[in-house]
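Visitor: Provided herewith is a single structure, encoded as structure tokens, for subsequent inquiry.
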Amino acid sequence: MKKRVKSREHLRRRLILFLVLAGILVVISLAAPLICPNDPNATSAADMNRAPCAEFPFGTDRYGRCVCSRVLMGSRTSIYSAVALVAITFVVGMVLGMLAGWYGGFLDSLVMRLADVMLAFPQMVLAIAVAGILGGGMGNAMLAMGITGWTLYARLARAQVLALKEEPYVHAARLSGCSSWTVLTKTLLPNMLGPMLVTAATQIGVMMIGLAGLSFLGIGVTEPQAEWGSMINTSRAYLQLAPWAVLAPAVATIITVMIFNYLGDCMRDYLDVGVER
Amino acid sequence: MLKYIGKRLIHLVFIMFAVSFLTFLLMYLAPGDAAAKKLNAQGVAVSEEVLEKTRESMGLNRPFLVQYGDWALHALQGDLGESYKDGFPVAGKLMKGLRYTSILALTSLVLAFVTALPLSILTALHKDSLLDDITRFFSFVGNSLPNFLISVLLMYFLCVRAHLLPLVANESVKGLIMPCLALSIPICGRFIRQFRAEILEQLGKPYVSGATLRGVKQRYVLKSVLHNSSITILTIVGLSIGTLLGGSVVIETIFRWPGLGKLAMDAINNRDYPVIQGFVLFTSTVYVVINLIIDIAYSWIDPRLRETGGGS
């Protein structure tokens, strides 16, 4: 018994550690314009492919742009877009799934069949096609990932509603005259939010990888906007001359994705909910 | 059993109908005029007269549903139209690409599987041992690495720094090492995590402690554990096919491997819409059919499902 309590304390500490680390990343991305050593978009023919030095901590790329500043500014694009994408798909999917589970019938069939069809496409294949057809831009890339992304939350929310629907307290709420809206938002939502949020947290890293992949392929964020995936792509031709221009955004991506993935894992372990992965 | 397969096949027809409709809709909604795109892809000077003629010959003046019906009927007969770029049939291009993609994807899948399965069994049996910690850490890192990043890092360390391998993939074993590693490392990481979790769950079940207490050798207990985990393991493998197909686009583009993914990426860059359309339809079909086969395989693994006729 004592060991169990201790391990929960341990899990809590780990969760806080990764919350703090993720918070630091968000703060860095918020403060990026203030802490950039140089203008991230200023090109300079004299400073092309320069090795890391005092002026350019991570060197410069083939246009003489400061890699460090671009990595810092890129953190905004990468972190915000992934978090925003997860938030939007989470809300859309959860609302659709809850309504489908609650009302059942035609609405349920419609939403679930739509989800089935979306799941028949391999996610990245559809995302690449959609982003490729719509042309670049982070908005289009997010749309491309979101088309299939919502199904995860819709299915989970529906399953939760179906499971909770017959609980005595839900019956009690309905019998006391609460409207469907009140039952859904006040009674069901608080009870299902935990596992749903854990799933969302584990998805941030996945979405980050997906969006960076699209940018890497040249169909997400496009130059000159700084984004890690596209930085790696445009600099990889100069891998021999200026490896720092590839390695700096690469390391940034790895660290960020790992912190967010660990955060998701910690949340899951702490709340101890079985989450479909 | 037959009834179950029949039901699944009918479901498959509906899904594929919807998939093909959405694929067609996507291209229909694509910004710009298809006739102009075709002429641009061929590098023909666009005049209003030529445009009108091309539109007529492509059947673009017909209603949307007629166009879809026509396209779907041809697709059913294996005719996915012709490339805007060079006029070759899309289906032929896809079949050529499929060969390369299956070499790459299957090698990567096998590589990931044969690494992940023994490791996950070992780590599940020796939970919280040193090996478990190390494996968990590496599978976590692998799972967090985007495949394009692995490719670029491998290129940097193995080609630029160590001069061990060629930069462009060819069909030799040496040329396949990097693309396969890049494709299989993230999948292997996920496999280990998920396999391990499933095996651990099975190990915690009463039949395992029962058998162990009766003095059954670990080898035989493990056999039942694996048998009982196989449905979940198969499901995980089936779902990874989607990751493989998506990942191959990135990997093939990086290593210039002439598979489906590179074909699709080239088509996107050239605005060659019939090829993109064919690629999406084709890969989705492959994905859906593989997962159907896996669903049917469940009842072969677990005889109980044969009676009830339902997959888990």
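In the structure tokens, chains take the letters A, B, ... in the order shown, each chain's residues start at 1, and ligands count up from 1 in the order shown.
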Determine which residues of chain B sit within 6 Å of chain A, taking into account only C-alpha atoms, and present them as a list in words.

Guide: Ile15, Ser144, Pro146, Gly242, Gly246, Ile268, Ser284 and Val288 of chain B

Visitor: Kindly export the residues of the current selection with C-alpha atoms, as a PDB file, in the first residue's frame.

Guide:
```
ATOM      1  CA  ILE B  15     -16.439   2.079 -47.792  1.00  0.00           C
ATOM      2  CA  SER B 144       9.179  10.486 -31.209  1.00  0.00           C
ATOM      3  CA  PRO B 146       9.789  11.870 -37.532  1.00  0.00           C
ATOM      4  CA  GLY B 242      -1.130   3.135 -43.036  1.00  0.00           C
ATOM      5  CA  GLY B 246       2.313   7.566 -45.650  1.00  0.00           C
ATOM      6  CA  ILE B 268       1.850  16.922 -56.642  1.00  0.00           C
ATOM      7  CA  SER B 284      -6.555   3.408 -49.569  1.00  0.00           C
ATOM      8  CA  VAL B 288      -8.554  -1.321 -46.472  1.00  0.00           C
TER       9      VAL B 288
END
```

Visitor: Among range 1-207 of chain B, which residues does DSSP mark as alpha helix (DSSP H) when it is run on the backbone? Keep the chain and numbering as in the structure and answer as a ChimeraX atom specification.

Guide: /B:2-29,34-42,48-58,64-76,90-125,130-144,147-154,173-203,206-207

Visitor: Excluding Tyr28 in chain B and any residue of its chain fewer than 4 positions from it, enumerate the residues within 12 Å of it, using only C-alpha atoms, and give them as a PyMOL selection string.

Guide: (chain A and resi 130+133-134) or (chain B and resi 21-24+32-35+60+63-65+67-68+71+273-274+277)

Visitor: So, with only C-alpha atoms as the atoms that count, which of A:Ser215, A:Ser179, A:Gln203, A:Ser69 lies closest to Ala84 in chain A?

Guide: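 Of A:Ser215, A:Ser179, A:Gln203, A:Ser69, the one nearest Ala84 in chain A, counting only C-alpha atoms, is A:Gln203.
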
Visitor: Calculate how many Å separate CA of Asn40 in chain B from CA of Gly69 in chain B, rounding to one decimal.

Guide: 25.9 Å

Visitor: So how far away is CA of Gly278 in chain B from CA of Pro89 in chain B, in Å?

Guide: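 Rounded to one decimal, the two atoms are 10.2 Å apart.
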
Visitor: Considering only C-alpha atoms, state which residue in the set B:Leu158, B:Thr101, B:Leu109, B:Gln202 is at the smallest distance from Leu263 in chain B.

Guide: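 Distance minimum relative to Leu263 in chain B lands on B:Thr101.
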
Visitor: What's around Leu76 in chain B at 12 Å? Count only C-alpha atoms, leave out sequence neighbours fewer than 6 positions away in its own chain, and write the answer as a PyMOL selection string.

Guide: chain B and resi 13+16-17+20+69-70+91+278+281-282+285

Visitor: For Lys93 in chain B, which of B:Phe279, B:Tyr220, B:Trp257, B:Tyr298 is the closest residue, counting only C-alpha atoms?

Guide: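 Checking each of B:Phe279, B:Tyr220, B:Trp257, B:Tyr298 against Lys93 in chain B, counting only C-alpha atoms, the winner is B:Phe279.
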